[in-house]
Amino acid sequence: MKTSQNNTESQNRVSNRKPSFYSKRLFIARATAMMRDYNMTRSEAFKKAWEIVKLYKRLLTEKSVSFIYIKKDGSYRKATATLTDPMRKENPNWKANELTFAYYDVNCNGIRSFICANFVKCC
């Protein structure tokens, strides 16, 4: 009898947890990839990866988010992004990469991505 009661209690605890908005594994993978490919220190890589997590969290909770990143040619770009249906409908089989962050650009009406190491800040 105690076993069944313990099982239901543990199931209730598991079901009452808030859903995770971002994978810890992806966070660590992004930081590790930035350290490996962009010769960043551990501290710099974890700071950038955490900023990406905060950006992703804002994208999940807000309708659109503005942020700045450095393009490959060295110029700065201010983007307004969302993670709504157009992105999923346009490319349903898209898989995440540790080094890039993909988003739906509201201004250009298309999917864009940037290198996580080049992220500057949220506006």
# chains A, B, ... in the order shown; residues from 1 in each chain; ligands from 1

call {"tool": "residues_around", "arguments": {"residues": "segment 57-73 of chain A", "least_positions_apart": "5", "cutoff": "7 Å", "atoms": "only C-alpha atoms", "output": "list in words"}}
result
Phe21, Lys78, Ala79, Thr80, Ala81, Thr82, Leu83, Asn118, Phe119, Val120, Lys121, Cys122 and Cys123 of chain A

call {"tool": "residues_around", "arguments": {"residues": "segment 34-48 of chain A", "least_positions_apart": "6", "cutoff": "8 Å", "atoms": "only C-alpha atoms", "output": "list in words"}}
result
Ile28, Leu99, Cys116, Ala117 and Phe119 of chain A

call {"tool": "atom_distance", "arguments": {"atom1": "atom CA of Ser23 of chain A", "atom2": "atom CA of Leu55 of chain A"}}
result
13.7 Å

call {"tool": "closest_residue", "arguments": {"among": "A:Phe114, A:Trp50, A:Tyr103, A:Tyr76", "to": "Arg30 of chain A", "atoms": "only C-alpha atoms"}}
result
A:Trp50

call {"tool": "closest_residue", "arguments": {"among": "A:Arg25, A:Arg77, A:Phe101, A:Val106", "to": "Glu51 of chain A", "atoms": "only C-alpha atoms"}}
result
A:Phe101

call {"tool": "select_by_dssp", "arguments": {"residues": "segment 38-80 of chain A", "states": "strand (DSSP E or B)", "output": "ChimeraX atom specification"}}
result
/A:65-70,76-80
